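Okay, structure-v8.pdb is below, PDB, C-alpha atoms:
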ATOM      1  CA  MET A   1       5.613  16.882 -57.188
ATOM      2  CA  ARG A   2       7.373  19.898 -55.824
ATOM      3  CA  LYS A   3       5.623  21.469 -52.880
ATOM      4  CA  ARG A   4       5.442  25.228 -52.804
ATOM      5  CA  ARG A   5       6.387  25.349 -49.155
ATOM      6  CA  PRO A   6       8.946  22.739 -48.102
ATOM      7  CA  ASN A   7       7.898  20.714 -45.085
ATOM      8  CA  TYR A   8      10.540  21.340 -42.427
ATOM      9  CA  ARG A   9       9.449  18.263 -40.490
ATOM     10  CA  LEU A  10      10.976  16.017 -43.143
ATOM     11  CA  VAL A  11      14.443  17.152 -42.049
ATOM     12  CA  LYS A  12      16.315  14.974 -39.555
ATOM     13  CA  ILE A  13      17.890  17.159 -36.914
ATOM     14  CA  HIS A  14      20.769  14.818 -36.053
ATOM     15  CA  ARG A  15      21.912  14.375 -39.647
ATOM     16  CA  ASN A  16      23.670  16.640 -42.102
ATOM     17  CA  TYR A  17      22.855  17.232 -45.743
ATOM     18  CA  THR A  18      24.558  18.245 -48.953
ATOM     19  CA  VAL A  19      22.851  20.694 -51.290
ATOM     20  CA  GLU A  20      21.881  17.838 -53.596
ATOM     21  CA  GLU A  21      20.354  15.799 -50.777
ATOM     22  CA  ILE A  22      18.225  18.733 -49.641
ATOM     23  CA  ALA A  23      17.064  19.299 -53.218
ATOM     24  CA  ARG A  24      16.099  15.635 -53.536
ATOM     25  CA  LEU A  25      14.346  15.649 -50.163
ATOM     26  CA  PHE A  26      12.034  18.488 -51.139
ATOM     27  CA  GLY A  27      11.908  17.888 -54.886
ATOM     28  CA  ALA A  28      13.353  21.361 -55.379
ATOM     29  CA  HIS A  29      16.139  22.446 -57.684
ATOM     30  CA  LYS A  30      19.697  22.572 -56.380
ATOM     31  CA  ASN A  31      19.875  26.268 -57.216
ATOM     32  CA  THR A  32      16.871  26.845 -54.952
ATOM     33  CA  VAL A  33      18.827  25.377 -52.058
ATOM     34  CA  ARG A  34      21.894  27.440 -52.987
ATOM     35  CA  GLN A  35      19.631  30.490 -52.917
ATOM     36  CA  TRP A  36      18.591  29.549 -49.365
ATOM     37  CA  ILE A  37      22.267  29.397 -48.395
ATOM     38  CA  LYS A  38      22.815  32.852 -49.889
ATOM     39  CA  SER A  39      19.839  34.188 -47.979
ATOM     40  CA  GLY A  40      21.103  33.027 -44.600
ATOM     41  CA  LEU A  41      20.940  29.238 -44.264
ATOM     42  CA  LYS A  42      24.032  28.314 -42.257
ATOM     43  CA  THR A  43      26.524  25.760 -43.558
ATOM     44  CA  LEU A  44      28.932  23.856 -41.315
ATOM     45  CA  ASP A  45      32.015  25.457 -42.863
ATOM     46  CA  ARG A  46      33.306  26.698 -46.224
ATOM     47  CA  ARG A  47      34.672  23.311 -47.321
ATOM     48  CA  ARG A  48      33.185  21.461 -50.289
ATOM     49  CA  PRO A  49      30.855  19.697 -50.501
ATOM     50  CA  LEU A  50      28.897  22.259 -48.502
ATOM     51  CA  LEU A  51      27.148  20.567 -45.602
ATOM     52  CA  VAL A  52      24.076  21.884 -43.831
ATOM     53  CA  HIS A  53      23.207  20.570 -40.396
ATOM     54  CA  GLY A  54      19.679  19.200 -40.120
ATOM     55  CA  SER A  55      18.791  21.298 -37.082
ATOM     56  CA  ASP A  56      19.911  24.489 -38.891
ATOM     57  CA  LEU A  57      17.904  23.587 -41.990
ATOM     58  CA  SER A  58      14.817  22.754 -39.973
ATOM     59  CA  ALA A  59      15.056  26.003 -37.996
ATOM     60  CA  PHE A  60      15.630  28.046 -41.179
ATOM     61  CA  LEU A  61      12.589  26.626 -42.981
ATOM     62  CA  CYS A  62      10.405  26.887 -39.886
ATOM     63  CA  ASP A  63      11.455  30.512 -39.448
ATOM     64  CA  ARG A  64      10.675  31.318 -43.083
ATOM     65  CA  LYS A  65       7.252  29.765 -42.712
ATOM     66  CA  GLN A  66       6.521  31.842 -39.614
ATOM     67  CA  LYS A  67       7.690  35.016 -41.344
ATOM     68  CA  ASN A  68       5.002  34.660 -44.003
ATOM     69  CA  LYS A  69       2.231  34.892 -41.451
ATOM     70  CA  ARG A  70       0.789  38.308 -40.673
ATOM     71  CA  PRO A  71      -1.649  37.796 -37.827
ATOM     72  CA  CYS A  72      -4.044  40.704 -37.232
ATOM     73  CA  LYS A  73      -4.237  42.180 -33.749
ATOM     74  CA  PRO A  74      -7.569  43.439 -32.406
ATOM     75  CA  GLY A  75      -8.681  46.410 -34.492
ATOM     76  CA  GLU A  76      -6.518  45.501 -37.481
ATOM     77  CA  PHE A  77      -7.588  44.331 -40.934
ATOM     78  CA  TYR A  78      -5.336  42.677 -43.479
ATOM     79  CA  CYS A  79      -4.697  44.916 -46.485
ATOM     80  CA  LEU A  80      -4.211  42.849 -49.617
ATOM     81  CA  ARG A  81      -2.433  45.648 -51.459
ATOM     82  CA  CYS A  82       0.040  46.527 -48.685
ATOM     83  CA  ARG A  83       0.273  42.849 -47.632
ATOM     84  CA  ALA A  84       0.180  43.830 -43.971
ATOM     85  CA  PRO A  85      -2.339  44.251 -41.175
ATOM     86  CA  LYS A  86      -3.546  47.847 -41.027
ATOM     87  CA  GLN A  87      -5.630  49.872 -38.642
ATOM     88  CA  PRO A  88      -8.525  51.276 -40.715
ATOM     89  CA  ASP A  89      -8.445  54.998 -41.526
ATOM     90  CA  GLY A  90      -9.953  57.179 -38.780
ATOM     91  CA  ASP A  91     -10.439  54.092 -36.604
ATOM     92  CA  MET A  92     -13.785  53.618 -38.292
ATOM     93  CA  ALA A  93     -15.294  50.470 -39.708
ATOM     94  CA  ASP A  94     -18.663  49.329 -40.983
ATOM     95  CA  TYR A  95     -20.264  46.050 -40.097
ATOM     96  CA  LEU A  96     -22.033  44.429 -43.036
ATOM     97  CA  PRO A  97     -24.125  41.474 -41.950
ATOM     98  CA  ILE A  98     -24.093  38.328 -44.067
ATOM     99  CA  THR A  99     -26.199  36.155 -41.811
ATOM    100  CA  GLU A 100     -27.795  36.897 -38.472
ATOM    101  CA  ARG A 101     -24.650  36.081 -36.522
ATOM    102  CA  LEU A 102     -21.878  36.685 -39.044
ATOM    103  CA  GLY A 103     -20.684  39.597 -41.121
ATOM    104  CA  ASN A 104     -17.776  41.502 -42.635
ATOM    105  CA  LEU A 105     -16.048  44.475 -41.131
ATOM    106  CA  GLU A 106     -15.170  47.018 -43.798
ATOM    107  CA  GLY A 107     -12.710  49.852 -43.549
ATOM    108  CA  ILE A 108     -10.266  51.879 -45.615
ATOM    109  CA  CYS A 109      -6.518  51.338 -45.583
ATOM    110  CA  PRO A 110      -4.787  54.502 -44.260
ATOM    111  CA  GLU A 111      -1.823  54.129 -46.635
ATOM    112  CA  CYS A 112      -3.140  52.955 -49.975
ATOM    113  CA  GLY A 113      -6.817  53.820 -49.643
ATOM    114  CA  ALA A 114      -8.028  50.384 -50.637
ATOM    115  CA  MET A 115     -11.019  48.778 -48.985
ATOM    116  CA  ILE A 116      -9.974  46.319 -46.286
ATOM    117  CA  TYR A 117     -12.182  43.666 -44.803
ATOM    118  CA  ARG A 118     -12.254  41.294 -41.897
ATOM    119  CA  ARG A 119     -14.750  38.551 -41.258
ATOM    120  CA  ALA A 120     -16.343  38.895 -37.824
ATOM    121  CA  SER A 121     -18.985  37.042 -35.904
ATOM    122  CA  LEU A 122     -21.222  39.140 -33.693
ATOM    123  CA  ALA A 123     -20.294  37.034 -30.670
ATOM    124  CA  LYS A 124     -16.569  37.754 -31.088
ATOM    125  CA  LEU A 125     -16.933  41.342 -32.248
ATOM    126  CA  ALA A 126     -15.889  42.671 -28.838
ATOM    127  CA  GLN A 127     -12.532  40.863 -29.092
ATOM    128  CA  ILE A 128     -11.926  41.848 -32.689
ATOM    129  CA  ARG A 129     -12.915  45.510 -32.631
ATOM    130  CA  GLY A 130     -10.094  46.868 -30.392
ATOM    131  CA  LYS A 131     -10.518  50.657 -30.356
ATOM    132  CA  LEU A 132     -12.506  50.783 -33.581
ATOM    133  CA  ASP A 133     -15.660  52.775 -33.964
ATOM    134  CA  ILE A 134     -18.070  50.411 -35.664
ATOM    135  CA  THR A 135     -21.257  51.493 -37.420
ATOM    136  CA  PHE A 136     -23.809  48.798 -38.056
ATOM    137  CA  ARG A 137     -25.074  49.087 -41.597
ATOM    138  CA  GLU A 138     -28.177  47.226 -42.496
ATOM    139  CA  ALA A 139     -28.044  44.568 -45.115
ATOM    140  CA  MET A 140     -28.833  45.659 -48.667
ATOM    141  CA  GLY A 141     -32.543  45.402 -49.259
ATOM    142  CA  ARG A 142     -33.812  42.915 -51.754
ATOM    143  CA  VAL A 143     -35.173  44.109 -55.072
ATOM    144  CA  SER A 144     -38.251  45.898 -53.913
ATOM    145  CA  GLU A 145     -41.701  44.989 -54.983
ATOM    146  CA  ARG A 146     -43.493  47.385 -57.247
ATOM    147  CA  GLU A 147     -46.708  48.832 -56.124
ATOM    148  CA  GLU A 148     -48.199  48.180 -59.547
ATOM    149  CA  PRO A 149     -47.005  44.918 -60.985
ATOM    150  CA  SER A 150     -45.784  45.087 -64.570
ATOM    151  CA  LEU A 151     -48.332  44.081 -67.102
ATOM    152  CA  ASN A 152     -45.745  42.964 -69.653
ATOM    153  CA  SER A 153     -45.839  39.223 -69.758
ATOM    154  CA  ASP A 154     -43.914  37.150 -72.230
ATOM    155  CA  LEU A 155     -46.197  34.239 -71.603
ATOM    156  CA  SER A 156     -49.293  36.023 -72.758
ATOM    157  CA  GLN A 157     -47.640  37.093 -76.054
ATOM    158  CA  ARG A 158     -47.376  33.512 -77.301
TER     159      ARG A 158
ATOM    160  CA  MET B   1      22.524  28.126 -29.571
ATOM    161  CA  THR B   2      23.288  24.970 -31.512
ATOM    162  CA  LYS B   3      26.938  24.167 -31.912
ATOM    163  CA  HIS B   4      28.510  21.685 -34.259
ATOM    164  CA  ASN B   5      31.984  20.440 -34.911
ATOM    165  CA  PRO B   6      32.375  20.432 -38.724
ATOM    166  CA  GLU B   7      35.145  17.820 -38.686
ATOM    167  CA  ASN B   8      33.024  15.482 -36.579
ATOM    168  CA  GLU B   9      30.028  16.033 -38.840
ATOM    169  CA  ARG B  10      32.043  14.919 -41.861
ATOM    170  CA  ILE B  11      33.317  11.829 -40.042
ATOM    171  CA  LYS B  12      29.778  10.969 -38.914
ATOM    172  CA  ARG B  13      28.518  11.464 -42.427
ATOM    173  CA  ALA B  14      30.998   8.961 -43.820
ATOM    174  CA  TYR B  15      30.078   6.502 -41.068
ATOM    175  CA  PHE B  16      26.330   6.830 -41.724
ATOM    176  CA  SER B  17      26.880   6.227 -45.400
ATOM    177  CA  TYR B  18      28.899   3.096 -44.442
ATOM    178  CA  LEU B  19      26.051   1.886 -42.221
ATOM    179  CA  LYS B  20      23.504   2.480 -44.954
ATOM    180  CA  GLU B  21      25.332   1.258 -48.045
ATOM    181  CA  ALA B  22      27.842  -1.354 -46.848
ATOM    182  CA  LYS B  23      26.040  -2.740 -43.807
ATOM    183  CA  ARG B  24      22.611  -2.263 -45.444
ATOM    184  CA  HIS B  25      21.138  -0.855 -42.235
ATOM    185  CA  SER B  26      17.669   0.624 -42.419
ATOM    186  CA  GLU B  27      16.989   4.330 -42.123
ATOM    187  CA  PRO B  28      15.642   4.174 -38.526
ATOM    188  CA  THR B  29      18.740   2.247 -37.425
ATOM    189  CA  VAL B  30      21.008   4.920 -38.850
ATOM    190  CA  ASP B  31      18.820   7.558 -37.199
ATOM    191  CA  ALA B  32      19.277   5.840 -33.860
ATOM    192  CA  ALA B  33      23.053   5.885 -34.332
ATOM    193  CA  ALA B  34      22.874   9.589 -35.245
ATOM    194  CA  LYS B  35      20.864  10.333 -32.134
ATOM    195  CA  ALA B  36      23.341   8.465 -29.928
ATOM    196  CA  PHE B  37      26.260  10.366 -31.480
ATOM    197  CA  SER B  38      24.565  13.658 -30.876
ATOM    198  CA  ARG B  39      23.947  12.713 -27.254
ATOM    199  CA  PHE B  40      27.613  11.846 -26.813
ATOM    200  CA  GLU B  41      28.779  15.039 -28.501
ATOM    201  CA  GLU B  42      26.471  17.175 -26.426
ATOM    202  CA  TRP B  43      27.931  15.674 -23.260
ATOM    203  CA  ASN B  44      31.429  15.975 -24.703
ATOM    204  CA  GLN B  45      30.890  19.650 -25.607
ATOM    205  CA  HIS B  46      31.574  18.880 -29.270
ATOM    206  CA  LYS B  47      35.210  17.966 -28.815
ATOM    207  CA  SER B  48      36.918  16.620 -31.901
ATOM    208  CA  PHE B  49      36.698  12.866 -32.422
ATOM    209  CA  LYS B  50      40.429  12.982 -33.064
ATOM    210  CA  ALA B  51      40.905  13.747 -29.372
ATOM    211  CA  PHE B  52      38.945  10.640 -28.402
ATOM    212  CA  HIS B  53      40.258   8.560 -25.529
ATOM    213  CA  HIS B  54      38.715   5.424 -24.055
ATOM    214  CA  GLU B  55      38.386   7.186 -20.683
ATOM    215  CA  GLN B  56      35.849   9.482 -22.382
ATOM    216  CA  ALA B  57      33.703   6.501 -23.253
ATOM    217  CA  ILE B  58      33.859   5.180 -19.694
ATOM    218  CA  ALA B  59      32.907   8.575 -18.274
ATOM    219  CA  PHE B  60      30.036   8.894 -20.756
ATOM    220  CA  LYS B  61      28.707   5.476 -19.759
ATOM    221  CA  ARG B  62      28.821   6.527 -16.118
ATOM    222  CA  HIS B  63      27.019   9.732 -17.025
ATOM    223  CA  LEU B  64      24.294   7.729 -18.790
ATOM    224  CA  THR B  65      23.689   5.491 -15.802
ATOM    225  CA  GLU B  66      23.349   8.518 -13.550
ATOM    226  CA  GLN B  67      20.558   9.999 -15.691
ATOM    227  CA  THR B  68      17.042   9.923 -14.321
ATOM    228  CA  SER B  69      14.290   9.142 -16.766
ATOM    229  CA  GLN B  70      12.510  12.108 -18.307
ATOM    230  CA  ARG B  71       8.910  12.753 -17.509
TER     231      ARG B  71
END

Take the structure from the file and write it as structure tokens.
Amino acid sequence: MRKRRPNYRLVKIHRNYTVEEIARLFGAHKNTVRQWIKSGLKTLDRRRPLLVHGSDLSAFLCDRKQKNKRPCKPGEFYCLRCRAPKQPDGDMADYLPITERLGNLEGICPECGAMIYRRASLAKLAQIRGKLDITFREAMGRVSEREEPSLNSDLSQR
Amino acid sequence: MTKHNPENERIKRAYFSYLKEAKRHSEPTVDAAAKAFSRFEEWNQHKSFKAFHHEQAIAFKRHLTEQTSQR
């Protein structure tokens, strides 16, 4: 089955490949490979059949894979709408505990205004926070008990 | 910066296909040949195979014997 991200380690760096061979190697369509060539994959020369050197192909795919990653620096949250790490608006974030040691940091994206989150453990909060001003919000209370318990009971109606 | 000689690559390609299809060599054997070629070409600064002379081979063999093993 075709993999969504081709594994660049399958490429042999001392060999060269035609478009068809690359397509067969990854189970991709030939036009996909031709698209890679259009978008910057180097060929040996202009002569047909086009040949791609293994080391070039490997480097190209590896580079593409790295480009997709958007690591967050300290004080940055990943914004799903902008698809980039963003510093929360006003350098403010809230810490919402999930367990005793773990919680989510919540902020607002300065560009699109969406809520942005980052998972944070209390132990590593100092590394993650950067210059952020973090307010610790308490966890949402459970449904509170009533002072006078309800007298409606389905069981007693039977 | 990687450098290749396109003419050499095409010659090598034909030779690898000969090794695989006519000589029925296995994939790792062909890989080993490819690796040896690339080592020679790197030493040779990717000169064309058309300019090959037997003195080149002798010099390359001497170069190989002078190599210390890699740690």

Open item on the list: Could you check which residues have any atom within 9 Å of (22.9, 12.3, -32.4), counting only C-alpha atoms with coordinates taken straight from the file, and then list them as a ChimeraX atom specification?
Closed with: /A:13-15 /B:31-42

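Proximity of B:Arg24, B:His54, B:Lys61, B:Arg10 to chain A, computed with only C-alpha atoms, is greatest for B:Arg10.
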
TODO: Could you jot down the CA of Asp91 in chain A to CA of Arg119 in chain A separation for me, Å, one decimal place?
DONE: 16.8 Å

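Take CA of Pro6 in chain A and CA of Phe26 in chain A: the distance between them is 6.1 Å.
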
Open item on the list: Quick check, in Å to one decimal: how far apart do CA of Pro97 in chain A and CA of Gly75 in chain A lie?
Closed with: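 Computing it gives 17.8 Å between the two atoms.
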
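For chain A, the residues no farther than 10 Å from chain B when using only C-alpha atoms are Lys12, Ile13, His14, Arg15, Asn16, Tyr17, Thr43, Leu44, Asp45, Arg46, Arg47, Pro49, Leu51, Val52, His53, Ser55 and Asp56 of chain A.
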
- [ ] Take the PyMOL selection byres ((chain A and resi 132) around 7), apply it to the structure above, and return the hits as a list in words.
- [x] Gly75, Asp91, Met92, Ala93, Arg129, Gly130, Lys131, Asp133 and Ile134 of chain A

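Minimum distance to Leu122 in chain A across A:Tyr8, A:Tyr95, A:Glu138, A:Glu145 (counting all atoms listed in the file) occurs at A:Tyr95.
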
Task: Expansion of the PyMOL selection byres ((chain A and resi 70) around 12) into residues, as a list in words - done: Lys65, Gln66, Lys67, Asn68, Lys69, Pro71, Cys72, Lys73, Glu76, Phe77, Tyr78, Cys79, Leu80, Cys82, Arg83, Ala84, Pro85 and Lys86 of chain A

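When the distance limit is 9 Å and only C-alpha atoms are what count, the residues near Asn104 in chain A, minus those fewer than 3 positions from it on the same chain, are Asp94, Tyr95, Leu96, Pro97, Ile98, Tyr117, Arg118, Arg119, Ala120 and Ser121 of chain A.
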
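In this comparison, which uses only C-alpha atoms, the residue of A:Pro74, A:Asn31, A:Glu106, A:Leu41 approaching Ala126 in chain A most closely is A:Pro74.
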